[in-house]
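What follows is one structure encoded as structure tokens, with my remarks underneath.
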Amino acid sequence: MISVSGKRWIEHKINKNLKDKIKQEYNFNEIISRLIVSRNFNIAEINCINNNLKIINKFDGSSDFEKASNILIDSINKKEKICILGDYDVDGISATSLLVRYFNHIKQKHFYYIPNRQSDGYGASKVLFQKLILQKPKLVIMVDCGSTSNLAVNFLNQNNIKSIIIDHHEIYNPYPKSDVIINPKKKIDYSKYNYLCATTLTYFFIDIIIKKTKSNFKLSKFLIYVLLATVCDVMPLRKMNKLLASNVIKNFHINENLAFKIIYDQFNFKNKLTIEDLGFYIGPIINSGGRLGYSRIGAELLTSDEPEIIKKKALQLIKLNEKRKQLEKKFLNEIDFKKIKNENKNVVIYINYNLHEGLIGILASRLKDYFNKPSIVITKSDNILKASARSTVNYNIGKLVKLLIDKEIVESGGGHNMAAGFSIKKSNVKLLDDYIQKDYLINNKDLDFSFKYDAEISASSANINLYNEIIKLGPFGNGNHSPIFLIRNVKILKSNLVGENHVSSIIKPKNGTTFKTICFNSFNSEIGTYLLSYKKQVNIIAELTKNSWNNKNSTQLNIKDLFVSANSA
């Protein structure tokens, strides 16, 4: 089926024998069994559907974690000053905050630094360390950065300063000559955990130190930071991450964390914390400081226990995030989406030299979501061009950046599977475009570009009972998307614009009651145009969500795509 947005949708095929086996062994219903098979859940993921499973540190005894913990414990025992260098995004800020809170608890001498995106650039650099060593640290711990910082680490070595790197970005030989590099992207005994973010790795690293030193620091209080970073860094909510997400969402209470509560109160949220809250509200607020030149505020918020400081920092970030949204809207309005669509490139490359450098990552993400293609946004920063990239699951953008550096197409950069950043000379932009379009084709020549829905259901079955069943497979996110259903033969009765970009509709099946629907960010798109003007029967692709109002729960359909009758066969 070809939709109004030009996508080819097919049903996700599964092994029916395996589905029947899951159904019989675990007493799940038909739709849950089908979803488990289509997602290829492992035994632990199946077991956590109806059980609270304990989070186990899988890195106990791992050589990197052992060596790094011994170095840090030795530094603590010698009362040496320690420097923490974190990236300016949520993952870097959260990992930094875990270490700061632990060091505060044990009264360890330390300081931390979150680089300014514009004046310091990304991550660890020799120039940055020339400034930081003036505070005379004996050990530097880099979190969510450092994997490609060979020159910076050499500078530390020359000054007899030890270093530990805890990172999850792509890393290549020769590795930086740090004392220890914890990174599952290396060929190492824990490489199967390459889907973990830096904050998760930092959490388990501190856990090992706590056990070795018999500290009474309550690390589990800050598991919410781990989940926040996992969601905001778009790590797959599978395997260990799924177990962690399930555990945190079930057990976290908003009153346990003053920073989160103040943000919640500002927006009058009453519901229990969700993955969506972390990804769409709290994460962007904490990220906003780093985007607009106030990179330290996020860490100051997450590391403080003083109510007045927490409130002040939270309100500062909320204000910055509002400014960020206004700028984002302005820059999005300048993008010619029709022109990009007509160019029909495999990788979107958008260039605007007047963009705010701190927003190019968000704009790349918006383009990626809109076109469902890897997207790169480039702007001017002083005398060089800065680029931010966001990718789809079928194209490792971090690995691409390394290739571009090796081929001297870009100056410097780094990243992981889904996101990356780099610097490039203006004279090399055409070369970049040519190379990346060809590379994408080579790496995806056998890829099936169809979109898949999980199952076809009737409108009458899209009820609160089905919703309550499918949420058992959550939390949903990258790698474990909310189930997508095909519902045939519904009529659009009424539609209106909600906010500035969303379309709300009332639809009715041939038989049964009406449904309320929402289609996010669809105004001025093909889908939005049909919802607002087409009054005949359509088939819809939608997620089933819950709408709570006045203590009453009902279902709502989140429309992802639709087919008019001519395209519905």
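Residues are named by chain letter and number: chains run A, B, ... in the order of the structure tokens, numbers start at 1 in each chain, and ligands are numbered from 1 in the order shown.
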
>> List as JSON, numbers by chain the protein and nucleic acid residues near A:Ala364, meaning an atom at most 7 Å away when only C-alpha atoms are counted, but skip any in the same chain fewer than 5 places from it.
In response: {"A": [375, 376, 377, 388, 389, 390]}

> Near A:Gln158, within 12 Å and counting only C-alpha atoms, which residues show up once chain neighbours fewer than 2 positions away are dropped, as JSON, numbers by chain?
Replying inline: {"A": [126, 129, 130, 133, 151, 152, 153, 154, 155, 156, 160, 161, 162, 163, 177, 178]}

Tell me which protein, DNA and RNA residues are within 7 Å of stretch 463-478 of chain A, counting only C-alpha atoms, leaving out same-chain ones fewer than 6 positions away, and put them as a PDB file with all heavy atoms, in the first residue's frame.
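The file below, out_37.pdb, is the result:
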```pdb
ATOM      1  N   ILE A  32      -0.276  -9.602  21.915  1.00  0.00           N
ATOM      2  CA  ILE A  32       0.966  -9.458  22.697  1.00  0.00           C
ATOM      3  C   ILE A  32       1.994 -10.472  22.227  1.00  0.00           C
ATOM      4  O   ILE A  32       3.186 -10.148  22.063  1.00  0.00           O
ATOM      5  CB  ILE A  32       0.678  -9.632  24.201  1.00  0.00           C
ATOM      6  CG1 ILE A  32      -0.208  -8.490  24.701  1.00  0.00           C
ATOM      7  CG2 ILE A  32       1.982  -9.662  24.993  1.00  0.00           C
ATOM      8  CD1 ILE A  32       0.375  -7.114  24.499  1.00  0.00           C
ATOM      9  N   ILE A  49       8.105  -8.321  31.576  1.00  0.00           N
ATOM     10  CA  ILE A  49       6.774  -7.812  31.233  1.00  0.00           C
ATOM     11  C   ILE A  49       5.861  -7.809  32.459  1.00  0.00           C
ATOM     12  O   ILE A  49       5.161  -6.842  32.730  1.00  0.00           O
ATOM     13  CB  ILE A  49       6.151  -8.632  30.087  1.00  0.00           C
ATOM     14  CG1 ILE A  49       6.930  -8.381  28.783  1.00  0.00           C
ATOM     15  CG2 ILE A  49       4.679  -8.280  29.894  1.00  0.00           C
ATOM     16  CD1 ILE A  49       6.505  -9.280  27.639  1.00  0.00           C
ATOM     17  N   VAL A 234      18.913   8.776  22.461  1.00  0.00           N
ATOM     18  CA  VAL A 234      18.224   7.882  21.524  1.00  0.00           C
ATOM     19  C   VAL A 234      18.867   6.498  21.490  1.00  0.00           C
ATOM     20  O   VAL A 234      19.045   5.894  20.432  1.00  0.00           O
ATOM     21  CB  VAL A 234      18.165   8.486  20.095  1.00  0.00           C
ATOM     22  CG1 VAL A 234      17.010   7.872  19.312  1.00  0.00           C
ATOM     23  CG2 VAL A 234      17.981   9.999  20.115  1.00  0.00           C
ATOM     24  N   MET A 235      19.230   6.000  22.677  1.00  0.00           N
ATOM     25  CA  MET A 235      19.714   4.634  22.778  1.00  0.00           C
ATOM     26  C   MET A 235      18.530   3.664  22.688  1.00  0.00           C
ATOM     27  O   MET A 235      17.420   4.001  23.115  1.00  0.00           O
ATOM     28  CB  MET A 235      20.448   4.426  24.108  1.00  0.00           C
ATOM     29  CG  MET A 235      21.707   5.274  24.277  1.00  0.00           C
ATOM     30  SD  MET A 235      23.038   4.814  23.132  1.00  0.00           S
ATOM     31  CE  MET A 235      22.896   6.083  21.889  1.00  0.00           C
ATOM     32  N   PRO A 236      18.735   2.481  22.121  1.00  0.00           N
ATOM     33  CA  PRO A 236      17.619   1.532  21.998  1.00  0.00           C
ATOM     34  C   PRO A 236      17.117   1.078  23.362  1.00  0.00           C
ATOM     35  O   PRO A 236      17.914   0.705  24.229  1.00  0.00           O
ATOM     36  CB  PRO A 236      18.223   0.371  21.202  1.00  0.00           C
ATOM     37  CG  PRO A 236      19.705   0.496  21.386  1.00  0.00           C
ATOM     38  CD  PRO A 236      19.988   1.947  21.550  1.00  0.00           C
ATOM     39  N   LEU A 237      15.811   1.105  23.560  1.00  0.00           N
ATOM     40  CA  LEU A 237      15.222   0.632  24.813  1.00  0.00           C
ATOM     41  C   LEU A 237      15.011  -0.869  24.730  1.00  0.00           C
ATOM     42  O   LEU A 237      13.894  -1.388  24.755  1.00  0.00           O
ATOM     43  CB  LEU A 237      13.906   1.362  25.092  1.00  0.00           C
ATOM     44  CG  LEU A 237      14.026   2.839  25.446  1.00  0.00           C
ATOM     45  CD1 LEU A 237      12.661   3.415  25.813  1.00  0.00           C
ATOM     46  CD2 LEU A 237      15.017   3.075  26.580  1.00  0.00           C
ATOM     47  N   ALA A 245      14.757   0.798  32.023  1.00  0.00           N
ATOM     48  CA  ALA A 245      13.636   1.716  31.814  1.00  0.00           C
ATOM     49  C   ALA A 245      12.391   1.237  32.567  1.00  0.00           C
ATOM     50  O   ALA A 245      11.693   2.037  33.206  1.00  0.00           O
ATOM     51  CB  ALA A 245      13.346   1.851  30.323  1.00  0.00           C
ATOM     52  N   SER A 246      12.099  -0.047  32.479  1.00  0.00           N
ATOM     53  CA  SER A 246      10.931  -0.598  33.172  1.00  0.00           C
ATOM     54  C   SER A 246      11.048  -0.383  34.667  1.00  0.00           C
ATOM     55  O   SER A 246      10.093   0.033  35.335  1.00  0.00           O
ATOM     56  CB  SER A 246      10.790  -2.095  32.875  1.00  0.00           C
ATOM     57  OG  SER A 246      10.607  -2.329  31.502  1.00  0.00           O
ATOM     58  N   ILE A 275       8.329   7.978  29.625  1.00  0.00           N
ATOM     59  CA  ILE A 275       9.445   8.114  28.693  1.00  0.00           C
ATOM     60  C   ILE A 275       9.270   9.370  27.844  1.00  0.00           C
ATOM     61  O   ILE A 275      10.231  10.106  27.573  1.00  0.00           O
ATOM     62  CB  ILE A 275       9.539   6.871  27.783  1.00  0.00           C
ATOM     63  CG1 ILE A 275       9.919   5.623  28.604  1.00  0.00           C
ATOM     64  CG2 ILE A 275      10.550   7.092  26.660  1.00  0.00           C
ATOM     65  CD1 ILE A 275      11.310   5.639  29.185  1.00  0.00           C
ATOM     66  N   LEU A 544      -1.934   3.417  19.269  1.00  0.00           N
ATOM     67  CA  LEU A 544      -3.022   3.510  20.239  1.00  0.00           C
ATOM     68  C   LEU A 544      -2.470   4.125  21.526  1.00  0.00           C
ATOM     69  O   LEU A 544      -1.529   3.598  22.119  1.00  0.00           O
ATOM     70  CB  LEU A 544      -3.600   2.125  20.513  1.00  0.00           C
ATOM     71  CG  LEU A 544      -4.828   2.042  21.427  1.00  0.00           C
ATOM     72  CD1 LEU A 544      -6.011   2.769  20.799  1.00  0.00           C
ATOM     73  CD2 LEU A 544      -5.184   0.577  21.691  1.00  0.00           C
ATOM     74  N   THR A 545      -3.037   5.263  21.930  1.00  0.00           N
ATOM     75  CA  THR A 545      -2.579   5.935  23.151  1.00  0.00           C
ATOM     76  C   THR A 545      -3.762   6.147  24.088  1.00  0.00           C
ATOM     77  O   THR A 545      -4.914   5.927  23.730  1.00  0.00           O
ATOM     78  CB  THR A 545      -1.923   7.289  22.827  1.00  0.00           C
ATOM     79  OG1 THR A 545      -2.895   8.136  22.189  1.00  0.00           O
ATOM     80  CG2 THR A 545      -0.734   7.112  21.899  1.00  0.00           C
ATOM     81  N   SER A 554      -9.763   7.173  28.193  1.00  0.00           N
ATOM     82  CA  SER A 554     -10.265   6.712  26.910  1.00  0.00           C
ATOM     83  C   SER A 554      -9.086   6.560  25.959  1.00  0.00           C
ATOM     84  O   SER A 554      -7.987   7.039  26.250  1.00  0.00           O
ATOM     85  CB  SER A 554     -11.278   7.708  26.332  1.00  0.00           C
ATOM     86  OG  SER A 554     -10.659   8.972  26.130  1.00  0.00           O
ATOM     87  N   THR A 555      -9.322   5.895  24.848  1.00  0.00           N
ATOM     88  CA  THR A 555      -8.236   5.709  23.886  1.00  0.00           C
ATOM     89  C   THR A 555      -8.227   6.833  22.854  1.00  0.00           C
ATOM     90  O   THR A 555      -9.252   7.429  22.545  1.00  0.00           O
ATOM     91  CB  THR A 555      -8.367   4.359  23.169  1.00  0.00           C
ATOM     92  OG1 THR A 555      -9.674   4.238  22.637  1.00  0.00           O
ATOM     93  CG2 THR A 555      -8.074   3.215  24.121  1.00  0.00           C
TER      94      THR A 555
END
```

Just want the 12 Å neighbourhood of stretch 69-77 of chain A, counted on only C-alpha atoms, with same-chain residues fewer than 4 positions away dropped. Output as a short mmCIF file (atom, residue, chain, number, x, y, z; two decimals) with N, CA and C atoms, in the first residue's frame.
```
data_model
loop_
_atom_site.label_atom_id
_atom_site.label_comp_id
_atom_site.auth_asym_id
_atom_site.auth_seq_id
_atom_site.Cartn_x
_atom_site.Cartn_y
_atom_site.Cartn_z
N PHE A 59 29.33 -5.55 34.62
CA PHE A 59 30.72 -5.18 34.35
C PHE A 59 31.65 -5.51 35.51
N ASP A 60 31.12 -6.14 36.55
CA ASP A 60 31.98 -6.62 37.64
C ASP A 60 32.99 -7.60 37.08
N GLY A 61 34.26 -7.34 37.32
CA GLY A 61 35.31 -8.23 36.84
C GLY A 61 35.83 -7.90 35.47
N SER A 62 35.17 -6.99 34.75
CA SER A 62 35.66 -6.58 33.44
C SER A 62 36.97 -5.81 33.59
N SER A 63 37.94 -6.10 32.74
CA SER A 63 39.29 -5.56 32.92
C SER A 63 39.33 -4.04 32.91
N ASP A 64 38.63 -3.39 31.99
CA ASP A 64 38.64 -1.93 31.94
C ASP A 64 38.04 -1.33 33.21
N PHE A 65 36.91 -1.86 33.65
CA PHE A 65 36.25 -1.33 34.84
C PHE A 65 37.10 -1.59 36.09
N LYS A 81 43.30 15.93 43.67
CA LYS A 81 42.21 16.67 43.04
C LYS A 81 41.87 16.01 41.70
N ILE A 82 40.58 15.89 41.44
CA ILE A 82 40.10 15.21 40.23
C ILE A 82 39.28 16.19 39.40
N CYS A 83 39.52 16.15 38.11
CA CYS A 83 38.75 16.96 37.15
C CYS A 83 37.80 16.04 36.37
N ILE A 84 36.53 16.46 36.26
CA ILE A 84 35.56 15.75 35.43
C ILE A 84 35.26 16.62 34.22
N LEU A 99 29.05 11.50 38.92
CA LEU A 99 30.38 11.55 39.55
C LEU A 99 30.45 12.67 40.58
N TYR A 102 28.66 11.65 43.76
CA TYR A 102 29.44 10.67 44.52
C TYR A 102 30.63 11.34 45.22
N PHE A 103 31.33 12.19 44.50
CA PHE A 103 32.49 12.87 45.09
C PHE A 103 32.06 13.81 46.23
N ILE A 106 31.51 11.65 49.37
CA ILE A 106 32.72 11.17 50.07
C ILE A 106 33.70 12.30 50.37
N LYS A 107 33.27 13.56 50.06
CA LYS A 107 34.09 14.75 50.31
C LYS A 107 35.43 14.68 49.57
N GLN A 108 35.37 14.26 48.33
CA GLN A 108 36.55 14.17 47.47
C GLN A 108 36.79 15.51 46.77
N LYS A 109 38.04 15.99 46.77
CA LYS A 109 38.37 17.23 46.06
C LYS A 109 38.19 17.03 44.56
N HIS A 110 37.42 17.90 43.95
CA HIS A 110 37.18 17.75 42.52
C HIS A 110 36.64 19.07 41.95
N PRO A 137 44.77 19.37 38.60
CA PRO A 137 44.22 18.03 38.87
C PRO A 137 45.31 16.98 38.69
N LYS A 138 45.17 15.88 39.39
CA LYS A 138 46.07 14.74 39.22
C LYS A 138 45.44 13.64 38.37
N LEU A 139 44.12 13.73 38.23
CA LEU A 139 43.37 12.76 37.42
C LEU A 139 42.26 13.50 36.69
N VAL A 140 42.10 13.19 35.41
CA VAL A 140 41.00 13.72 34.61
C VAL A 140 40.10 12.56 34.18
N ILE A 141 38.81 12.69 34.46
CA ILE A 141 37.84 11.69 34.01
C ILE A 141 36.99 12.33 32.92
N ILE A 161 49.54 13.76 34.17
CA ILE A 161 48.17 13.74 34.69
C ILE A 161 47.49 12.47 34.18
N LYS A 162 46.99 11.67 35.11
CA LYS A 162 46.31 10.43 34.74
C LYS A 162 44.96 10.74 34.10
N SER A 163 44.45 9.79 33.33
CA SER A 163 43.15 10.01 32.68
C SER A 163 42.37 8.72 32.54
N ILE A 164 41.05 8.86 32.68
CA ILE A 164 40.10 7.78 32.45
C ILE A 164 39.05 8.31 31.48
N ILE A 165 38.76 7.55 30.45
CA ILE A 165 37.73 7.92 29.49
C ILE A 165 36.55 6.94 29.63
N ILE A 166 35.34 7.49 29.81
CA ILE A 166 34.12 6.69 29.84
C ILE A 166 33.22 7.22 28.73
N SER A 178 45.20 6.97 26.99
CA SER A 178 44.68 7.20 28.33
C SER A 178 45.03 6.01 29.22
N ASP A 179 45.02 6.21 30.53
CA ASP A 179 45.30 5.10 31.44
C ASP A 179 44.27 3.98 31.26
N VAL A 180 43.02 4.36 31.08
CA VAL A 180 41.96 3.38 30.81
C VAL A 180 40.89 4.04 29.93
N ILE A 181 40.40 3.27 28.98
CA ILE A 181 39.26 3.73 28.18
C ILE A 181 38.13 2.71 28.34
N ILE A 182 37.06 3.14 28.98
CA ILE A 182 35.84 2.32 29.05
C ILE A 182 34.96 2.72 27.89
N THR A 202 28.90 5.01 33.32
CA THR A 202 29.39 5.71 34.51
C THR A 202 28.69 5.20 35.76
N PHE A 204 27.45 2.18 36.37
CA PHE A 204 27.98 0.89 36.78
C PHE A 204 29.44 0.99 37.25
N PHE A 205 30.18 1.94 36.70
CA PHE A 205 31.55 2.19 37.16
C PHE A 205 31.54 2.65 38.62
N ILE A 206 30.67 3.60 38.95
CA ILE A 206 30.58 4.07 40.34
C ILE A 206 30.09 2.96 41.25
N ASP A 207 29.17 2.14 40.75
CA ASP A 207 28.66 1.02 41.54
C ASP A 207 29.78 0.07 41.97
N ILE A 208 30.71 -0.18 41.06
CA ILE A 208 31.85 -1.04 41.38
C ILE A 208 32.72 -0.41 42.47
N ILE A 209 32.94 0.90 42.35
CA ILE A 209 33.75 1.60 43.36
C ILE A 209 33.06 1.58 44.72
N ILE A 210 31.75 1.78 44.74
CA ILE A 210 30.99 1.75 45.99
C ILE A 210 31.15 0.39 46.68
N LYS A 211 31.07 -0.67 45.89
CA LYS A 211 31.21 -2.01 46.47
C LYS A 211 32.62 -2.24 47.02
N LYS A 212 33.63 -1.77 46.27
CA LYS A 212 35.01 -1.97 46.69
C LYS A 212 35.35 -1.18 47.95
N THR A 213 34.79 0.01 48.06
CA THR A 213 35.12 0.89 49.20
C THR A 213 34.09 0.79 50.33
N LYS A 214 33.05 -0.02 50.10
CA LYS A 214 31.97 -0.17 51.09
C LYS A 214 31.34 1.18 51.46
N SER A 215 31.16 2.01 50.46
CA SER A 215 30.54 3.32 50.65
C SER A 215 29.03 3.16 50.86
#
```

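In this model, the gap between atom CA of A:Lys535 and atom CA of A:Ser450 comes to 27.3 Å.
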
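Take the candidates A:Asp434, A:Glu308, A:Glu357, A:Glu256 and check each one against A:Asn116 using only C-alpha atoms; the shortest distance goes to A:Glu357.
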
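Contact shell of A:Thr513 at 10 Å (only C-alpha atoms; same-chain neighbours under 4 positions omitted): Ala459, Ser460, Ile507, Lys508 and Pro509 of chain A.
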
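Restricting the calculation to only C-alpha atoms, the smallest distance between A:Val348 and any of A:Tyr440, A:Tyr172, A:Tyr530, A:Tyr294 is found for A:Tyr440.
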
> Among stretch 237-459 of chain A, which residues carry a DSSP assignment of alpha helix (DSSP H), reported as a PyMOL selection string?
Replying inline: chain A and resi 239-251+258-266+275-277+283-291+297-303+307-333+337-343+360-371+397-406+429-443

> Quick one: residues within 9 Å of A:Asn394, only C-alpha atoms counted, chain neighbours fewer than 2 positions away excluded, as a PyMOL selection string?
Replying inline: chain A and resi 391-392+396+443-444+447
